[in-house]
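Presented below is the structure to which this report refers.
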Amino acid sequence: MQIWQSFKQRIGDFRFQTKIKLSFLLVSMIPVIVLGSFCFSKTRSLLVQQAKADLNATLTQSVLTVNNQLDVYNKFMNFLSFNQEIINAANNTYTSEYEMYDQLTNVIDQNFYTARYLNPGVEQITLYTGTNLPQHGNTVIPIDEIKGTSWYPNVMKSVDVLWSASEKNIYSVRRILSTKHRNPKDNILFARVNYDKLFKTFEPLQSHGSEIIILDSSGNTVYSSGANRENPDIPVTAKQHWQGESYTALSSTIPLAGWNVYLYKPTNLITKSAWWIALIVLLMIAACIAAVVVAGTLFSRRIMLPIHRLHKSMKLVGEGNLEIKVSSESKDEIGDLIRGFGNMVGKTKTLIDTVYVAEIARKEYEMKALQAQINPHFLYNSLSIINWRALRIHATDISEMAQLLSTFYRTTLNKGDNLILVSDEILNVQSYINIQLIMHSNNFKVDYQIDDSILSCLMPNLMLQPLVENAIIHGIENREDGDGIIHLSAKKEEQSIVLQITDNGVGVEEEQLVLLLKSHSKGYGLKNVNDRAVLMYGEQYGLTIHSIVGEGTQVTLKIPYGELQV
């Protein structure tokens, strides 16, 4: 299952153009492969059937030739068996050697020689006789010499020509019967024929890879074209496997001898010609694949061209470029998509121009209006006069207040700029806190932890003063026992500046806490500070507030560090 999921994931990660080409290739190749496989299968089946039919016809012809040859030998055996001169010679009881010699040379030898001359395939003719004729070479042998053979009892019970085989010796035997003698002797006519000549008709089959096995009725091997086919267990199925190789088998019968003929040919030889057809089919499939790949590539490029243009335009829009023109003249779904995206970009640009830019302008106008409410020169001159007269009458507290107010408004106004050094913003909030300490008779304490590495960075002005003001008014002033403490820290965390205002005031209810950054107020409060930070730097920056009722509140301001470093 995991492998399948991984495979689907890899397919899903392919480029869309690759998916189109693969789909085009798959859909096109299914009918090609199915038809090619069907043609090859049918052709191979027809070739096997035709080859088997040809083999069967050739085998039948060869078997018929052997059977005809055996029929010739049977007629030859019957001719000799019914020759009256040979019958008389085999059943006579001889009293003189001259008579024996005359019968052997002038009757038996002469007839056997003539028979062999007329039948060149006969290599030996022997008369096994029960008379008192002595052994005469291989022509006449006493019958007692063969009474121990396996075929002797069968011959004595039959009146037909019987065929037997031993190794590469093929021979026929027949009992010689006499109806004119009162006490006929036991006589058997034996003829050995040429083994190779008899089975020469199977050589064309062997030359084409076939193997021939001939067995007699007892299952003994009469003929075998293979070196390792002695007494095999012959199957009757159409196919058989030997040593891992498949064979096609045929069988027939030589009726005169009662022999069973089996033909075996390796199936791969029969189907060898089919592989040429398979090769042609494979070449055709390869050509179709190449054509499909070329067509699929051109087709997918045609489809993907407008999509690539759309993708490029979307990347430019993602990078903030809304000035590009996205359009298409195509009337299909992709054209509709491109035109829809172009309309969306146009509307987005319009919305940004009307909302985002207008909002920034409005904030700037509000800030400038706030700063313009105070005439800097008039304010500074007034505070300077107050400070000078306070010193003349030795009113140091009034002098200190005037100096703190002068410092506070100088850093607050910041010559009309929206950005200020962190060091100046800290100085501004310190001046404000000192003024509040004078106004509150120093009934709370302030703790500073400032990281010097951020003092040279820029930040929006008037960001800390509203936070400190809220801590004093809504936190410290509401304590019943006094002993208020405000902790102000400023430090660098990764690529951000983090400023925290912590007080031990009364805290904020949870229901009110979630509304502090959402509700609108008439003053320059927490929501205004958070909106400025988010508007300038993005959603990941701004205020976060944590508060516990009865313990205090912590307000954290987060702004970027690297981009504002000077």
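Chains: A, B, ... in order of the structure tokens. Residues: from 1 per chain. Ligands: from 1, in order shown.
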Next item on the list: Give me the residues within 10 Å of Thr253 of chain A as a ChimeraX atom specification, counting only C-alpha atoms and dropping any in the same chain fewer than 5 places off.
Entry: /A:60,63-64,67,214-216,258-262
Export, as an mmCIF file, in the first residue's frame, the selected residues with N, CA, C and O atoms.
```cif
data_model
loop_
_atom_site.group_PDB
_atom_site.id
_atom_site.type_symbol
_atom_site.label_atom_id
_atom_site.label_comp_id
_atom_site.auth_asym_id
_atom_site.auth_seq_id
_atom_site.Cartn_x
_atom_site.Cartn_y
_atom_site.Cartn_z
ATOM 1 N N THR A 60 3.013 -39.710 -41.415
ATOM 2 C CA THR A 60 2.137 -40.735 -42.003
ATOM 3 C C THR A 60 2.756 -41.330 -43.260
ATOM 4 O O THR A 60 2.720 -42.562 -43.478
ATOM 5 N N VAL A 63 5.696 -43.567 -42.179
ATOM 6 C CA VAL A 63 5.203 -44.821 -41.589
ATOM 7 C C VAL A 63 4.659 -45.732 -42.685
ATOM 8 O O VAL A 63 4.876 -46.953 -42.668
ATOM 9 N N LEU A 64 3.973 -45.139 -43.655
ATOM 10 C CA LEU A 64 3.434 -45.944 -44.758
ATOM 11 C C LEU A 64 4.562 -46.562 -45.573
ATOM 12 O O LEU A 64 4.465 -47.728 -45.999
ATOM 13 N N ASN A 67 5.904 -49.444 -43.565
ATOM 14 C CA ASN A 67 4.934 -50.537 -43.571
ATOM 15 C C ASN A 67 4.945 -51.266 -44.926
ATOM 16 O O ASN A 67 4.853 -52.508 -44.975
ATOM 17 N N ILE A 214 10.431 -45.595 -31.989
ATOM 18 C CA ILE A 214 9.533 -46.684 -32.378
ATOM 19 C C ILE A 214 9.620 -47.759 -31.315
ATOM 20 O O ILE A 214 10.729 -48.228 -30.976
ATOM 21 N N LEU A 215 8.484 -48.150 -30.785
ATOM 22 C CA LEU A 215 8.413 -49.181 -29.747
ATOM 23 C C LEU A 215 7.563 -50.332 -30.243
ATOM 24 O O LEU A 215 6.587 -50.136 -30.980
ATOM 25 N N ASP A 216 7.939 -51.544 -29.808
ATOM 26 C CA ASP A 216 7.113 -52.691 -30.173
ATOM 27 C C ASP A 216 5.957 -52.816 -29.200
ATOM 28 O O ASP A 216 5.775 -51.968 -28.305
ATOM 29 N N GLY A 258 3.074 -54.107 -35.764
ATOM 30 C CA GLY A 258 2.500 -53.802 -34.458
ATOM 31 C C GLY A 258 3.355 -52.826 -33.671
ATOM 32 O O GLY A 258 3.350 -52.860 -32.440
ATOM 33 N N TRP A 259 4.098 -51.983 -34.377
ATOM 34 C CA TRP A 259 4.980 -51.010 -33.716
ATOM 35 C C TRP A 259 4.284 -49.663 -33.596
ATOM 36 O O TRP A 259 3.542 -49.239 -34.481
ATOM 37 N N ASN A 260 4.569 -48.979 -32.495
ATOM 38 C CA ASN A 260 4.067 -47.618 -32.265
ATOM 39 C C ASN A 260 5.179 -46.613 -32.563
ATOM 40 O O ASN A 260 6.301 -46.752 -32.058
ATOM 41 N N VAL A 261 4.854 -45.612 -33.368
ATOM 42 C CA VAL A 261 5.834 -44.600 -33.779
ATOM 43 C C VAL A 261 5.464 -43.275 -33.097
ATOM 44 O O VAL A 261 4.314 -42.825 -33.163
ATOM 45 N N TYR A 262 6.468 -42.662 -32.452
ATOM 46 C CA TYR A 262 6.282 -41.369 -31.775
ATOM 47 C C TYR A 262 7.260 -40.360 -32.356
ATOM 48 O O TYR A 262 8.444 -40.648 -32.522
#
```
Checklist line | Neighbour list for segment 47-59 of chain A as a list in words, cut-off 7 Å, only C-alpha atoms, skip fewer than 4 positions in-chain | finding: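 My reading of the contact set: Thr43, Val63, Leu250, Ile270 and Thr271 of chain A.
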Checklist line | Test item, strand (DSSP E or B) assignment across segment 9-245 of chain A, answer as a ChimeraX atom specification | finding: /A:122-129,136,140-142,162-166,169-176,187-193,211-215,221-224,239-242,245
Item checked: Minimum-distance residue to Val498 of chain A, chosen among A:Leu467, A:Ile559, A:Leu526, A:Met439 (using only C-alpha atoms) ->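 Of the candidates, the smallest distance to Val498 of chain A is held by A:Ile559.
Residues lying within 9 Å of Pro184 of chain A, counting only C-alpha atoms and ignoring same-chain neighbours fewer than 5 positions away, are Ala90, Asn91, Asn92, Gly130, Leu177, Ser178 and Thr179 of chain A.
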Next item on the list: Write out as a PyMOL selection string the residues lying within 9 Å of segment 446-455 of chain A, counting only C-alpha atoms and excluding same-chain residues fewer than 2 positions away.
Entry: chain A and resi 421-424+426+433+444+457-458+484-492+497+561+565
Next item on the list: May I have the residues within 12 Å of Gly482 of chain A as a ChimeraX atom specification, using only C-alpha atoms and disregarding those fewer than 2 positions away in the same chain?
Entry: /A:440-445,472,475-480,484-485,504-506
Kindly save the residues from that selection, with all heavy atoms included, as a short mmCIF file (atom, residue, chain, number, x, y, z; two decimals), in the first residue's frame.
```cif
data_model
loop_
_atom_site.label_atom_id
_atom_site.label_comp_id
_atom_site.auth_asym_id
_atom_site.auth_seq_id
_atom_site.Cartn_x
_atom_site.Cartn_y
_atom_site.Cartn_z
N HIS A 440 2.30 61.91 39.17
CA HIS A 440 1.78 60.93 40.12
C HIS A 440 2.61 60.86 41.39
O HIS A 440 2.53 59.87 42.14
CB HIS A 440 1.75 59.53 39.46
CG HIS A 440 0.70 59.37 38.42
ND1 HIS A 440 0.84 59.87 37.14
CD2 HIS A 440 -0.54 58.79 38.47
CE1 HIS A 440 -0.22 59.57 36.43
NE2 HIS A 440 -1.08 58.92 37.22
N SER A 441 3.41 61.90 41.61
CA SER A 441 4.21 62.01 42.85
C SER A 441 5.08 60.77 43.07
O SER A 441 5.24 60.28 44.20
CB SER A 441 3.28 62.21 44.06
OG SER A 441 2.51 63.38 43.91
N ASN A 442 5.58 60.22 41.97
CA ASN A 442 6.50 59.06 42.02
C ASN A 442 5.91 57.87 42.78
O ASN A 442 6.61 57.17 43.51
CB ASN A 442 7.84 59.46 42.64
CG ASN A 442 8.60 60.45 41.81
OD1 ASN A 442 8.77 60.26 40.61
ND2 ASN A 442 9.04 61.55 42.42
N ASN A 443 4.61 57.63 42.57
CA ASN A 443 3.99 56.50 43.29
C ASN A 443 4.08 55.19 42.53
O ASN A 443 3.41 54.22 42.87
CB ASN A 443 2.54 56.83 43.61
CG ASN A 443 1.70 56.93 42.34
OD1 ASN A 443 2.23 57.05 41.24
ND2 ASN A 443 0.37 56.90 42.51
N PHE A 444 4.86 55.10 41.46
CA PHE A 444 5.16 53.84 40.79
C PHE A 444 6.62 53.85 40.33
O PHE A 444 7.25 54.91 40.26
CB PHE A 444 4.21 53.59 39.59
CG PHE A 444 4.36 54.57 38.47
CD1 PHE A 444 5.24 54.33 37.43
CD2 PHE A 444 3.60 55.76 38.44
CE1 PHE A 444 5.36 55.23 36.38
CE2 PHE A 444 3.73 56.65 37.40
CZ PHE A 444 4.61 56.39 36.36
N LYS A 445 7.13 52.68 40.04
CA LYS A 445 8.53 52.53 39.64
C LYS A 445 8.61 52.06 38.17
O LYS A 445 7.67 51.43 37.67
CB LYS A 445 9.25 51.52 40.52
CG LYS A 445 9.30 51.96 41.99
CD LYS A 445 10.02 50.90 42.83
CE LYS A 445 10.05 51.32 44.30
NZ LYS A 445 10.73 50.31 45.14
N ILE A 472 -0.23 52.91 32.46
CA ILE A 472 -0.37 53.79 33.63
C ILE A 472 -1.84 54.02 33.94
O ILE A 472 -2.29 53.84 35.10
CB ILE A 472 0.36 55.12 33.38
CG1 ILE A 472 1.86 54.88 33.25
CG2 ILE A 472 0.07 56.12 34.50
CD1 ILE A 472 2.65 56.11 32.85
N GLY A 475 -3.84 50.44 34.22
CA GLY A 475 -3.25 49.42 35.08
C GLY A 475 -2.80 49.93 36.41
O GLY A 475 -3.34 49.57 37.46
N ILE A 476 -1.79 50.83 36.42
CA ILE A 476 -1.17 51.29 37.66
C ILE A 476 -2.13 52.16 38.48
O ILE A 476 -2.25 51.99 39.70
CB ILE A 476 0.12 52.07 37.34
CG1 ILE A 476 1.12 51.16 36.61
CG2 ILE A 476 0.74 52.62 38.62
CD1 ILE A 476 1.53 49.94 37.39
N GLU A 477 -2.82 53.09 37.83
CA GLU A 477 -3.68 54.02 38.57
C GLU A 477 -4.83 53.31 39.27
O GLU A 477 -5.38 53.82 40.24
CB GLU A 477 -4.24 55.08 37.62
CG GLU A 477 -3.21 56.10 37.17
CD GLU A 477 -3.83 57.18 36.29
OE1 GLU A 477 -5.03 57.05 35.98
OE2 GLU A 477 -3.13 58.14 35.95
N ASN A 478 -5.24 52.12 38.80
CA ASN A 478 -6.37 51.41 39.40
C ASN A 478 -5.96 50.50 40.54
O ASN A 478 -6.82 49.82 41.12
CB ASN A 478 -7.09 50.60 38.33
CG ASN A 478 -7.79 51.49 37.31
OD1 ASN A 478 -8.25 52.59 37.65
ND2 ASN A 478 -7.85 51.04 36.06
N ARG A 479 -4.66 50.44 40.83
CA ARG A 479 -4.23 49.66 41.99
C ARG A 479 -4.64 50.38 43.27
O ARG A 479 -4.54 51.60 43.38
CB ARG A 479 -2.72 49.45 41.98
CG ARG A 479 -2.23 48.44 40.95
CD ARG A 479 -0.70 48.32 41.01
NE ARG A 479 -0.23 47.91 42.32
CZ ARG A 479 -0.09 46.64 42.70
NH1 ARG A 479 -0.38 45.67 41.86
NH2 ARG A 479 0.33 46.34 43.91
N GLU A 480 -5.07 49.65 44.28
CA GLU A 480 -5.51 50.26 45.53
C GLU A 480 -4.37 50.51 46.49
O GLU A 480 -4.40 51.45 47.28
CB GLU A 480 -6.55 49.37 46.20
CG GLU A 480 -7.84 49.21 45.38
CD GLU A 480 -8.84 48.30 46.05
OE1 GLU A 480 -8.49 47.73 47.12
OE2 GLU A 480 -9.96 48.15 45.52
N GLY A 484 3.08 50.38 42.19
CA GLY A 484 3.04 49.97 40.79
C GLY A 484 4.42 49.88 40.17
O GLY A 484 5.32 50.66 40.53
N ILE A 485 4.59 48.97 39.28
CA ILE A 485 5.87 48.78 38.60
C ILE A 485 5.59 48.60 37.10
O ILE A 485 4.72 47.83 36.70
CB ILE A 485 6.63 47.53 39.11
CG1 ILE A 485 6.95 47.68 40.60
CG2 ILE A 485 7.91 47.31 38.30
CD1 ILE A 485 7.62 46.44 41.19
N ASN A 504 2.14 45.72 36.67
CA ASN A 504 1.51 44.87 37.69
C ASN A 504 0.20 45.47 38.14
O ASN A 504 -0.16 45.46 39.32
CB ASN A 504 2.46 44.68 38.87
CG ASN A 504 2.79 45.99 39.57
OD1 ASN A 504 2.55 47.07 39.01
ND2 ASN A 504 3.32 45.92 40.79
N GLY A 505 -0.54 46.01 37.14
CA GLY A 505 -1.82 46.62 37.43
C GLY A 505 -2.92 45.61 37.66
O GLY A 505 -2.68 44.44 37.96
N VAL A 506 -4.16 46.07 37.48
CA VAL A 506 -5.32 45.23 37.82
C VAL A 506 -5.61 44.18 36.74
O VAL A 506 -6.42 43.29 36.96
CB VAL A 506 -6.57 46.13 38.03
CG1 VAL A 506 -6.36 47.05 39.22
CG2 VAL A 506 -6.85 46.95 36.77
#
```
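The two atoms in question, atom CA of Ser37 of chain A and atom CA of Ser300 of chain A, are spaced 28.5 Å apart.
Atom to atom, atom CA of Ile20 of chain A and atom CA of Ser327 of chain A stand 23.8 Å apart.
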Item checked: Option closest in space to Phe76 of chain A, from A:Leu517, A:Leu305, A:Ala191, A:Ile33 [counting only C-alpha atoms] ->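 Once distances to Phe76 of chain A are computed over only C-alpha atoms, the minimum belongs to A:Ala191.
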Item checked: Who sits within 12 Å of Arg309 of chain A, only C-alpha atoms, same chain under 2 positions skipped, as a PyMOL selection string -> chain A and resi 301-307+311-316+324-328+334-335+337-338+341-342
Margin query: Give me, as a VMD selection string, all polymer residues having an atom no more than 7 Å from Pro266 of chain A, counting only C-alpha atoms and skipping those fewer than 4 positions away in the same chain.
Written below: chain A and resid 246 to 248 270
Kindly export the residues of the current selection with N, CA and C atoms, as a PDB file, in the first residue's frame.
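Here's the written file selection-v6.pdb:
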```pdb
ATOM      1  N   SER A 246      10.076 -27.622 -24.115  1.00  0.00           N
ATOM      2  CA  SER A 246       8.745 -28.050 -24.532  1.00  0.00           C
ATOM      3  C   SER A 246       8.810 -28.710 -25.905  1.00  0.00           C
ATOM      4  N   TYR A 247       8.102 -29.832 -26.026  1.00  0.00           N
ATOM      5  CA  TYR A 247       8.061 -30.585 -27.283  1.00  0.00           C
ATOM      6  C   TYR A 247       6.618 -30.727 -27.751  1.00  0.00           C
ATOM      7  N   THR A 248       6.451 -30.787 -29.059  1.00  0.00           N
ATOM      8  CA  THR A 248       5.172 -31.141 -29.670  1.00  0.00           C
ATOM      9  C   THR A 248       5.277 -32.593 -30.139  1.00  0.00           C
ATOM     10  N   ILE A 270       9.155 -25.109 -34.058  1.00  0.00           N
ATOM     11  CA  ILE A 270       7.919 -24.947 -34.820  1.00  0.00           C
ATOM     12  C   ILE A 270       7.514 -23.480 -34.878  1.00  0.00           C
TER      13      ILE A 270
END
```
